[in-house]
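Below is model_24.txt, holding compact mmCIF, C-alpha atoms.
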```txt
# COMPACT_ATOMS: atom_id res chain seq x y z
CA MET A 288 -18.29 3.20 -38.89
CA GLN A 289 -17.01 0.00 -40.51
CA LEU A 290 -14.31 -2.14 -38.96
CA SER A 291 -11.71 -3.91 -41.06
CA PHE A 292 -11.19 -7.61 -40.56
CA ALA A 293 -7.77 -6.90 -39.06
CA THR A 294 -9.20 -4.38 -36.60
CA LEU A 295 -12.00 -6.75 -35.61
CA ALA A 296 -9.53 -9.58 -35.11
CA SER A 297 -7.35 -7.45 -32.87
CA LEU A 298 -10.36 -6.42 -30.76
CA LEU A 299 -11.43 -10.02 -30.38
CA ALA A 300 -7.90 -10.99 -29.37
CA ALA A 301 -7.81 -8.25 -26.75
CA SER A 302 -11.19 -9.40 -25.46
CA SER A 303 -9.98 -12.96 -25.15
CA LEU A 304 -6.95 -11.78 -23.20
CA VAL A 305 -9.18 -9.92 -20.74
CA SER A 306 -11.38 -13.01 -20.40
CA ALA A 307 -8.30 -15.09 -19.70
CA VAL A 308 -7.40 -12.92 -16.71
CA PRO A 309 -8.66 -14.67 -13.56
CA LEU A 310 -11.96 -13.24 -12.34
CA GLU A 311 -10.47 -12.42 -8.93
CA ARG A 312 -7.80 -10.19 -10.47
CA ARG A 313 -10.32 -8.38 -12.65
CA HIS A 314 -12.41 -7.61 -9.60
CA GLY A 315 -9.56 -6.26 -7.49
CA VAL A 316 -8.73 -9.36 -5.45
CA LYS A 317 -5.18 -10.11 -4.33
CA LYS A 318 -4.60 -13.50 -2.75
CA MET A 319 -2.30 -13.98 0.23
CA SER A 320 -2.75 -17.74 0.56
CA SER A 321 -2.52 -20.40 -2.13
CA LYS A 322 -5.73 -21.98 -0.91
CA THR A 323 -8.50 -20.67 1.35
CA PRO A 324 -8.43 -22.68 4.60
CA ALA A 325 -11.19 -25.28 4.79
CA ASN A 326 -13.68 -25.58 7.64
CA ALA A 327 -13.10 -22.02 8.81
CA ALA A 328 -15.17 -20.81 11.75
CA GLY A 329 -15.35 -17.32 10.30
CA ALA A 330 -13.26 -14.36 9.23
CA ALA A 331 -11.72 -11.13 10.53
CA TYR A 332 -11.65 -8.01 8.38
CA PHE A 333 -9.88 -4.65 8.47
CA ILE A 334 -8.98 -2.01 5.88
CA THR A 335 -5.77 -0.65 4.38
CA ASN A 336 -7.33 2.85 4.16
CA GLU A 337 -4.72 3.81 1.58
CA PRO A 338 -5.25 7.08 -0.35
CA GLY A 339 -4.42 5.30 -3.61
CA GLU A 340 -6.86 2.44 -3.06
CA ASN A 341 -8.74 1.25 -0.01
CA MET A 342 -8.76 -2.53 0.31
CA VAL A 343 -10.51 -4.91 2.69
CA ILE A 344 -8.10 -7.48 4.12
CA ALA A 345 -9.81 -10.75 5.03
CA ALA A 346 -8.25 -13.35 7.34
CA SER A 347 -9.72 -16.78 7.95
CA ILE A 348 -10.53 -17.66 11.58
CA SER A 349 -9.88 -21.32 12.44
CA GLN A 350 -11.78 -23.32 15.03
CA ASP A 351 -9.03 -22.61 17.58
CA GLY A 352 -9.37 -18.85 17.02
CA THR A 353 -6.11 -18.33 15.13
CA LEU A 354 -5.92 -16.34 11.89
CA THR A 355 -4.64 -17.01 8.38
CA LEU A 356 -4.41 -14.12 5.92
CA ASP A 357 -6.36 -15.00 2.79
CA ARG A 358 -7.05 -12.06 0.51
CA ALA A 359 -7.38 -8.32 -0.05
CA VAL A 360 -10.40 -7.03 -1.95
CA SER A 361 -10.74 -3.56 -3.46
CA ALA A 362 -13.45 -1.39 -1.93
CA ILE A 363 -13.52 0.76 -5.09
CA GLY A 364 -12.66 3.86 -3.10
CA HIS A 365 -9.88 5.81 -1.47
CA GLY A 366 -8.71 6.08 2.11
CA ASP A 367 -7.59 9.21 3.95
CA HIS A 368 -5.86 10.37 7.11
CA GLY A 369 -7.16 12.97 9.52
CA ILE A 370 -5.19 16.13 10.23
CA THR A 371 -3.07 15.70 13.35
CA ASP A 372 0.43 16.47 14.55
CA PRO A 373 2.43 14.31 14.71
CA LEU A 374 1.02 11.97 12.10
CA GLY A 375 0.48 8.46 13.44
CA PRO A 376 -1.83 5.42 13.51
CA ASP A 377 -5.61 5.71 13.90
CA ALA A 378 -6.07 7.69 10.70
CA LEU A 379 -9.82 8.08 11.11
CA PHE A 380 -9.92 8.90 14.87
CA SER A 381 -12.66 6.27 15.14
CA GLN A 382 -13.96 2.79 15.87
CA GLY A 383 -16.15 0.87 13.42
CA ALA A 384 -14.67 1.87 10.04
CA ILE A 385 -15.59 -1.62 8.82
CA LYS A 386 -18.49 -3.69 10.17
CA ALA A 387 -19.91 -7.16 9.53
CA SER A 388 -23.44 -8.40 10.21
CA ALA A 389 -23.69 -12.12 11.01
CA LYS A 390 -27.46 -12.21 10.52
CA GLY A 391 -27.37 -10.18 7.32
CA GLN A 392 -24.25 -11.97 6.02
CA VAL A 393 -22.97 -8.61 4.79
CA LEU A 394 -19.90 -6.45 5.31
CA ALA A 395 -19.56 -2.68 4.90
CA THR A 396 -16.58 -0.34 4.86
CA VAL A 397 -16.07 3.41 4.66
CA ASN A 398 -13.96 4.96 1.92
CA SER A 399 -12.91 8.05 3.82
CA GLY A 400 -11.17 9.74 0.89
CA SER A 401 -14.08 9.15 -1.48
CA ASN A 402 -16.94 9.98 0.90
CA THR A 403 -18.56 6.65 0.09
CA VAL A 404 -19.57 3.33 1.66
CA SER A 405 -19.02 -0.05 0.00
CA LEU A 406 -21.15 -3.11 0.74
CA PHE A 407 -20.17 -6.78 0.30
CA SER A 408 -21.94 -10.10 0.69
CA ILE A 409 -20.20 -12.74 2.83
CA ASP A 410 -20.15 -16.37 1.78
CA PRO A 411 -20.93 -18.14 5.09
CA LYS A 412 -19.18 -21.32 3.90
CA GLN A 413 -16.00 -19.41 3.00
CA PRO A 414 -16.26 -16.13 4.92
CA THR A 415 -13.12 -14.58 3.43
CA HIS A 416 -14.89 -14.73 0.07
CA ILE A 417 -16.65 -11.37 -0.10
CA SER A 418 -18.41 -9.96 -3.18
CA ARG A 419 -19.41 -6.37 -3.77
CA LEU A 420 -23.12 -5.59 -3.75
CA GLY A 421 -23.87 -2.68 -6.06
CA ASP A 422 -21.63 0.35 -6.42
CA PRO A 423 -20.20 2.39 -3.53
CA VAL A 424 -22.77 4.97 -2.40
CA SER A 425 -22.37 8.55 -1.24
CA THR A 426 -22.42 9.08 2.51
CA GLY A 427 -24.14 12.43 2.14
CA GLY A 428 -21.24 14.02 4.00
CA GLU A 429 -17.47 14.10 4.19
CA PHE A 430 -14.75 11.96 5.79
CA PRO A 431 -16.86 8.92 6.73
CA MET A 432 -15.31 7.16 9.73
CA SER A 433 -17.70 4.70 11.40
CA LEU A 434 -20.54 2.30 10.54
CA ALA A 435 -23.31 0.45 12.40
CA PHE A 436 -25.70 -2.27 11.27
CA ASN A 437 -29.00 -2.79 13.06
CA SER A 438 -29.51 -6.15 14.77
CA ASP A 439 -30.70 -8.06 11.68
CA GLY A 440 -28.43 -6.39 9.15
CA THR A 441 -31.25 -4.80 7.15
CA ARG A 442 -30.17 -1.21 7.86
CA LEU A 443 -26.80 0.49 7.94
CA CYS A 444 -25.85 3.92 9.29
CA VAL A 445 -22.66 5.91 8.63
CA LEU A 446 -20.99 8.62 10.69
CA ASN A 447 -19.35 11.48 8.74
CA GLY A 448 -16.68 13.49 10.54
CA GLY A 449 -15.54 16.13 8.05
CA THR A 450 -16.75 19.65 7.24
CA VAL A 451 -20.13 18.14 6.36
CA ASN A 452 -20.65 15.92 9.39
CA GLY A 453 -23.42 13.86 10.95
CA VAL A 454 -25.14 10.57 10.16
CA ASN A 455 -26.95 8.99 7.23
CA CYS A 456 -28.67 5.60 6.94
CA TYR A 457 -29.50 3.06 4.25
CA SER A 458 -31.61 -0.01 3.64
CA VAL A 459 -29.57 -3.11 2.78
CA ASP A 460 -30.57 -4.95 -0.39
CA LYS A 461 -28.78 -8.29 -0.85
CA LYS A 462 -28.86 -7.83 -4.63
CA ALA A 463 -28.80 -4.10 -5.34
CA GLY A 464 -26.73 -2.90 -2.39
CA LEU A 465 -27.38 0.20 -0.33
CA LYS A 466 -30.31 2.59 -0.77
CA ALA A 467 -30.49 5.84 1.21
CA LEU A 468 -33.34 5.91 3.72
CA PRO A 469 -35.49 9.05 3.78
CA ASN A 470 -35.24 11.35 6.78
CA THR A 471 -31.98 9.92 8.13
CA LEU A 472 -29.46 12.53 6.94
CA ARG A 473 -28.80 14.41 10.18
CA SER A 474 -26.11 16.93 11.12
CA LEU A 475 -23.91 17.04 14.21
CA ASN A 476 -23.15 20.73 13.53
CA LEU A 477 -19.47 20.29 14.36
CA ASN A 478 -16.96 22.94 13.34
CA GLN A 479 -14.68 20.57 11.45
CA THR A 480 -12.48 20.24 8.38
CA THR A 481 -12.12 17.68 5.57
CA PRO A 482 -10.25 15.52 6.34
CA ALA A 483 -11.19 15.87 9.99
CA THR A 484 -8.85 17.56 12.46
CA GLY A 485 -8.29 15.70 15.71
CA PRO A 486 -8.38 13.59 17.66
CA PRO A 487 -9.84 16.25 20.07
CA GLY A 488 -13.06 17.75 18.71
CA SER A 489 -13.69 14.97 16.21
CA ALA A 490 -16.52 12.45 15.90
CA SER A 491 -15.68 8.85 16.81
CA HIS A 492 -18.20 6.04 16.67
CA VAL A 493 -21.80 5.27 15.71
CA VAL A 494 -23.86 2.45 17.28
CA PHE A 495 -27.47 1.38 17.70
CA SER A 496 -28.91 0.95 21.17
CA GLU A 497 -29.57 -2.63 22.26
CA ASP A 498 -33.28 -2.37 21.36
CA GLY A 499 -32.56 -0.59 18.08
CA LYS A 500 -34.75 2.36 19.02
CA GLN A 501 -31.91 4.86 19.24
CA LEU A 502 -28.85 5.72 17.16
CA MET A 503 -25.85 7.18 19.00
CA ALA A 504 -22.77 9.03 17.82
CA SER A 505 -19.86 9.91 20.09
CA VAL A 506 -17.96 13.20 19.83
CA LYS A 507 -14.70 13.95 21.62
CA GLY A 508 -14.33 17.19 23.49
CA VAL A 509 -11.57 19.77 23.24
CA PRO A 510 -10.19 19.98 26.79
CA PRO A 511 -11.25 21.49 29.06
CA THR A 512 -14.60 21.39 27.21
CA PRO A 513 -16.07 17.85 27.36
CA GLY A 514 -17.52 16.02 24.39
CA MET A 515 -20.91 14.30 24.13
CA ILE A 516 -22.95 11.39 22.87
CA ALA A 517 -25.57 12.51 20.33
CA VAL A 518 -28.74 10.39 20.51
CA TRP A 519 -31.41 10.22 17.79
CA ASP A 520 -34.68 8.32 18.15
CA VAL A 521 -35.24 5.68 15.45
CA ALA A 522 -38.79 5.26 14.09
CA GLY A 523 -40.24 1.99 12.82
CA ASP A 524 -39.48 2.94 9.23
CA GLY A 525 -35.85 3.66 10.10
CA SER A 526 -36.16 7.45 9.98
CA LEU A 527 -34.40 9.51 12.66
CA SER A 528 -35.68 12.28 14.89
CA ALA A 529 -35.03 15.71 13.41
CA GLN A 530 -32.76 16.72 16.28
CA PHE A 531 -30.44 14.78 18.54
CA LYS A 532 -30.27 14.81 22.30
CA ALA A 533 -26.80 15.70 23.55
CA VAL A 534 -25.69 13.60 26.54
CA ALA A 535 -22.68 15.04 28.36
CA PRO A 536 -20.04 12.79 29.93
CA PRO A 537 -20.14 12.23 33.69
CA SER A 538 -18.02 14.48 35.87
CA GLY A 539 -14.36 13.97 34.92
CA GLY A 540 -15.13 12.64 31.44
CA LEU A 541 -13.73 14.52 28.46
CA LEU A 542 -13.30 12.59 25.22
CA PRO A 543 -15.98 9.95 24.55
CA PHE A 544 -14.48 7.69 21.90
CA SER A 545 -15.82 4.15 21.40
CA MET A 546 -19.22 3.03 22.66
CA THR A 547 -19.98 -0.56 23.66
CA VAL A 548 -23.52 -1.38 24.75
CA ILE A 549 -23.84 -2.76 28.28
CA PRO A 550 -26.18 -5.76 27.82
CA GLY A 551 -29.52 -5.58 29.58
CA LYS A 552 -29.01 -1.95 30.57
CA ASN A 553 -29.87 1.29 28.87
CA ALA A 554 -26.22 2.25 29.11
CA VAL A 555 -22.92 2.22 27.26
CA LEU A 556 -19.27 1.95 28.20
CA SER A 557 -17.31 4.62 26.36
CA THR A 558 -13.54 4.71 26.22
CA ASP A 559 -12.14 8.13 27.11
CA PRO A 560 -8.48 8.89 26.32
CA GLY A 561 -8.70 11.85 28.68
CA VAL A 562 -9.17 9.64 31.74
CA GLY A 563 -9.68 5.96 30.89
CA PHE A 564 -13.35 5.22 30.29
CA ASP A 565 -16.85 6.49 31.06
CA VAL A 566 -20.10 4.71 31.87
CA PHE A 567 -23.11 6.53 30.42
CA ASP A 568 -26.39 5.73 32.18
CA LEU A 569 -28.95 6.60 29.50
CA SER A 570 -31.96 5.49 31.55
CA GLY A 571 -32.30 8.83 33.29
CA GLY A 572 -30.69 7.46 36.44
CA ASN A 573 -27.60 8.76 38.20
CA ALA A 574 -25.24 5.79 37.75
CA SER A 575 -22.93 7.43 35.18
CA SER A 576 -19.25 7.62 36.11
CA ALA A 577 -15.80 8.41 34.77
CA VAL A 578 -13.18 5.83 35.70
CA LYS A 579 -9.45 6.50 35.70
CA ILE A 580 -7.00 3.99 34.29
CA ASP A 581 -3.68 4.72 35.99
CA GLY A 582 -0.83 5.13 33.55
CA GLN A 583 -3.07 5.12 30.48
CA SER A 584 -2.09 7.13 27.43
CA ALA A 585 -5.00 6.97 24.98
CA THR A 586 -7.61 4.31 25.73
CA CYS A 587 -9.88 4.53 22.68
CA TRP A 588 -11.38 1.16 21.59
CA SER A 589 -13.60 -1.39 23.31
CA SER A 590 -15.48 -4.67 22.88
CA PHE A 591 -17.60 -6.97 25.05
CA SER A 592 -17.10 -10.68 25.73
CA LYS A 593 -20.27 -12.74 26.19
CA LYS A 594 -18.27 -15.54 27.79
CA THR A 595 -16.53 -13.53 30.51
CA GLY A 596 -19.19 -10.83 30.82
CA ASN A 597 -16.43 -8.21 30.73
CA PHE A 598 -15.25 -5.41 28.46
CA TYR A 599 -11.81 -5.21 26.84
CA LEU A 600 -10.24 -1.83 26.06
CA THR A 601 -7.16 -1.02 23.99
CA ASP A 602 -4.68 1.84 24.43
CA ILE A 603 -2.73 3.04 21.39
CA GLY A 604 -0.03 4.67 23.52
CA THR A 605 0.78 1.94 26.03
CA SER A 606 -0.25 -1.06 23.85
CA ILE A 607 -2.12 -2.51 26.83
CA VAL A 608 -5.45 -4.35 26.85
CA THR A 609 -7.51 -3.48 29.95
CA GLU A 610 -10.27 -5.81 31.15
CA VAL A 611 -13.21 -4.05 32.83
CA ASN A 612 -16.24 -5.34 34.74
CA VAL A 613 -19.51 -3.41 35.01
CA ASP A 614 -21.92 -4.76 37.64
CA ASN A 615 -25.73 -4.65 37.71
CA ASN A 616 -25.62 -1.22 39.32
CA LEU A 617 -23.35 0.08 36.54
CA LYS A 618 -20.41 0.31 38.91
CA ALA A 619 -17.25 -0.30 36.91
CA SER A 620 -13.91 -1.72 38.03
CA ILE A 621 -10.66 -2.74 36.38
CA VAL A 622 -10.16 -6.53 36.45
CA LYS A 623 -6.72 -6.96 34.90
CA GLN A 624 -4.36 -5.56 32.29
CA TYR A 625 -2.53 -7.42 29.53
CA PRO A 626 0.52 -5.72 27.98
CA GLN A 627 1.05 -6.38 24.29
CA THR A 628 4.21 -5.74 22.27
CA ASN A 629 5.68 -2.38 23.25
CA GLY A 630 5.16 0.19 20.50
CA SER A 631 2.67 -1.94 18.59
CA SER A 632 -0.01 0.79 18.86
CA THR A 633 -3.00 -1.42 19.64
CA ILE A 634 -6.12 0.19 18.16
CA ASP A 635 -9.34 -1.32 16.75
CA ASN A 636 -10.51 -4.61 18.22
CA ASP A 637 -13.39 -7.08 18.08
CA ILE A 638 -14.40 -10.21 20.00
CA ALA A 639 -15.76 -13.37 18.37
CA THR A 640 -17.45 -16.39 19.95
CA ILE A 641 -16.46 -19.77 18.50
CA GLY A 642 -18.34 -22.60 20.18
CA ASN A 643 -17.85 -22.02 23.90
CA ASN A 644 -14.79 -19.82 23.50
CA ASP A 645 -14.26 -16.10 23.00
CA PHE A 646 -11.31 -14.63 21.12
CA MET A 647 -10.18 -11.02 20.88
CA TYR A 648 -8.64 -9.65 17.68
CA VAL A 649 -6.57 -6.48 18.02
CA LEU A 650 -5.15 -4.50 15.11
CA ALA A 651 -1.62 -3.36 16.00
CA PRO A 652 -0.42 -1.11 13.15
CA GLY A 653 2.74 -0.06 14.97
CA ALA A 654 4.03 -3.60 14.54
CA GLN A 655 1.91 -4.32 11.45
CA THR A 656 0.35 -7.30 13.19
CA VAL A 657 -2.94 -8.59 14.53
CA GLU A 658 -2.78 -9.84 18.11
CA VAL A 659 -5.11 -12.69 19.11
CA LEU A 660 -6.12 -13.32 22.73
CA SER A 661 -8.15 -16.21 24.11
CA LEU A 662 -10.59 -14.95 26.77
CA ASP A 663 -10.77 -18.10 28.86
CA SER A 664 -12.50 -16.67 31.94
CA PRO A 665 -12.75 -13.37 33.83
CA GLY A 666 -9.24 -12.12 34.57
CA ASN A 667 -7.70 -14.82 32.39
CA ALA A 668 -6.90 -13.66 28.87
CA LYS A 669 -4.09 -15.50 27.09
CA HIS A 670 -2.14 -14.38 24.05
CA VAL A 671 -2.35 -17.12 21.40
CA GLN A 672 -1.07 -15.57 18.17
CA THR A 673 0.76 -12.68 16.55
CA LEU A 674 -0.26 -12.51 12.89
CA ASP A 675 2.31 -10.79 10.67
CA LEU A 676 0.84 -8.46 8.07
CA ALA A 677 3.96 -6.93 6.53
CA GLY A 678 5.40 -10.00 4.81
CA PRO A 679 2.27 -11.52 3.25
CA THR A 680 0.86 -8.18 2.06
CA LYS A 681 4.15 -7.17 0.44
CA LYS A 682 4.39 -10.53 -1.32
CA ALA A 683 0.84 -10.14 -2.62
CA GLY A 684 1.41 -6.57 -3.79
CA VAL A 685 -0.95 -5.05 -1.23
CA THR A 686 0.11 -1.64 0.08
CA ILE A 687 -0.18 -1.14 3.83
CA ASN A 688 1.04 1.74 5.96
CA THR A 689 1.36 1.90 9.74
CA ASN A 690 -0.39 5.26 9.82
CA ASN A 691 -3.34 4.21 7.64
CA LEU A 692 -4.40 0.71 8.74
CA GLN A 693 -7.80 0.87 10.43
CA GLY A 694 -10.79 -1.12 11.65
CA MET A 695 -11.47 -4.62 12.94
CA THR A 696 -14.65 -6.66 12.65
CA THR A 697 -15.41 -10.38 12.70
CA PHE A 698 -17.95 -12.74 11.17
CA ILE A 699 -18.66 -16.21 12.55
CA SER A 700 -20.71 -18.63 10.47
CA GLN A 701 -24.01 -19.44 12.15
```

Mind turning the file's structure into structure tokens?
Amino acid sequence: MQLSFATLASLLAASSLVSAVPLERRHGVKKMSSKTPANAAGAAYFITNEPGENMVIAASISQDGTLTLDRAVSAIGHGDHGITDPLGPDALFSQGAIKASAKGQVLATVNSGSNTVSLFSIDPKQPTHISRLGDPVSTGGEFPMSLAFNSDGTRLCVLNGGTVNGVNCYSVDKKAGLKALPNTLRSLNLNQTTPATGPPGSASHVVFSEDGKQLMASVKGVPPTPGMIAVWDVAGDGSLSAQFKAVAPPSGGLLPFSMTVIPGKNAVLSTDPGVGFDVFDLSGGNASSAVKIDGQSATCWSSFSKKTGNFYLTDIGTSIVTEVNVDNNLKASIVKQYPQTNGSSTIDNDIATIGNNDFMYVLAPGAQTVEVLSLDSPGNAKHVQTLDLAGPTKKAGVTINTNNLQGMTTFISQ
């Protein structure tokens, strides 16, 4: 086929117009600040989880722990919302929909409506600057909802919660992206739908044990039948045991949701919207317990503070942060509670250490905000910022919806 001079000229003109479009726009980046803040300590990330386009929202973390919205980056995938009545926040019924690895300097997110995972590199000098690594990869299942990196960020595992449910793991290549690891695609054998139906009866969270030798996935029960934590052994090559060991909640436990490793113990604290929270003693001992939080509605998310040595739990129904201590004998007690804005629907959270200070970042989709708390000492958490999401995202042309916003993870430059 021969091209006329006029046709060739028009093609070249079109090409020059594309080249003139800023690189950030061509790669699905929408800026929410005129200039990325300098000397940032790190960044906080969460996802829009919109069916039309899932985007990662990145906010710069300053040295005093406060946030500045910087940009939204396309994950090249679609979000989704689980089947529930009435429809509300916490679309994925999960914790860990987006995760960062400080050692690996990488960030991963689920695309629940596309059944894929997207991987990004993080620029440690400007942590809101994230760049996609390779193409999104199949999760090997349906309705992906949670992610976990191993300790050095060289492996990533995903939890699928749909009709085809279970886990799958990948090696992390800083140039090529994610590559499926052999013998890691494992089923939970749940009777589920796509998208998942829940929250009762749905999967929730995937985490590695502290030593990296086990991979755990939490599954909520359908009252009065309790849920479980599924535990696979992890071999040196990253492969998983063919079958999982099902660990039932302690007496009184019903709906294991998030799992936060209890440092130095073969144990996890699991939020439980049926009662408050559970302590799972995985050592074979008898120290497991279910602990009631009076007046709780749906306590579902948790994080650990290295500074205070305590755990911080969020309740979507009461919008209260509950501080919990677990002693050396795995006996748990409630330290203090911190009410947030009524109706703000506090969900996913993460805790970051900046110098000698810890800060908690809580996604509050009911108010379309992120709440920031300074964890000064045990029993002494102070609210330091309410970050508005609605105004800046609208101005930047980023679609957010109270019912779809999900996830919270942080990265602090080393």

Next item on the list: Extract, using all atoms listed in the file, all DNA, RNA and protein residues at most 9 Å from region 337-350 of chain A, discarding same-chain residues fewer than 6 positions from it, and format them as number ranges by chain.
Entry: A: 315-316, 323-331, 356-368, 385, 396-400, 413-417, 641-642, 685-688, 691-692, 697-699

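Relative to CA of Val459 (chain A), CA of Val424 (chain A) is found at 11.8 Å.
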
Margin query: Which residues are near Asn455 (chain A)? Cut-off 6 Å, all atoms listed in the file, ignore same chain within fewer than 5 positions. Put them as number ranges by chain.
Written below: A: 444-445, 471-472

Next item on the list: Considering all atoms listed in the file, return as a PyMOL selection string whatever protein or nucleic-acid residues lie within 12 Å of Leu541 (chain A), sequence-local ones (same chain, fewer than 5 positions apart) excluded.
Entry: chain A and resi 487-488+505-516+535-536+557-565+576-579

Next item on the list: Record the distance separating CA of Asn643 (chain A) and CA of Pro550 (chain A), expressed in Å with one decimal.
Entry: 18.7 Å

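One distance worth recording is that between CA of Phe495 (chain A) and CA of Thr371 (chain A), which is 28.6 Å.
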
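Those residues positioned at most 9 Å from (-19.3, -7.9, 34.2) are Thr595, Gly596, Asn597, Phe598, Val611, Asn612, Val613, Asp614, Asn615, Ala619 and Pro665 of chain A, judged using only C-alpha atoms.
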
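Counting all atoms listed in the file and comparing A:Met695, A:Ala378, A:Val622, A:Ala504, the residue that lies closest to Tyr648 (chain A) is A:Met695.
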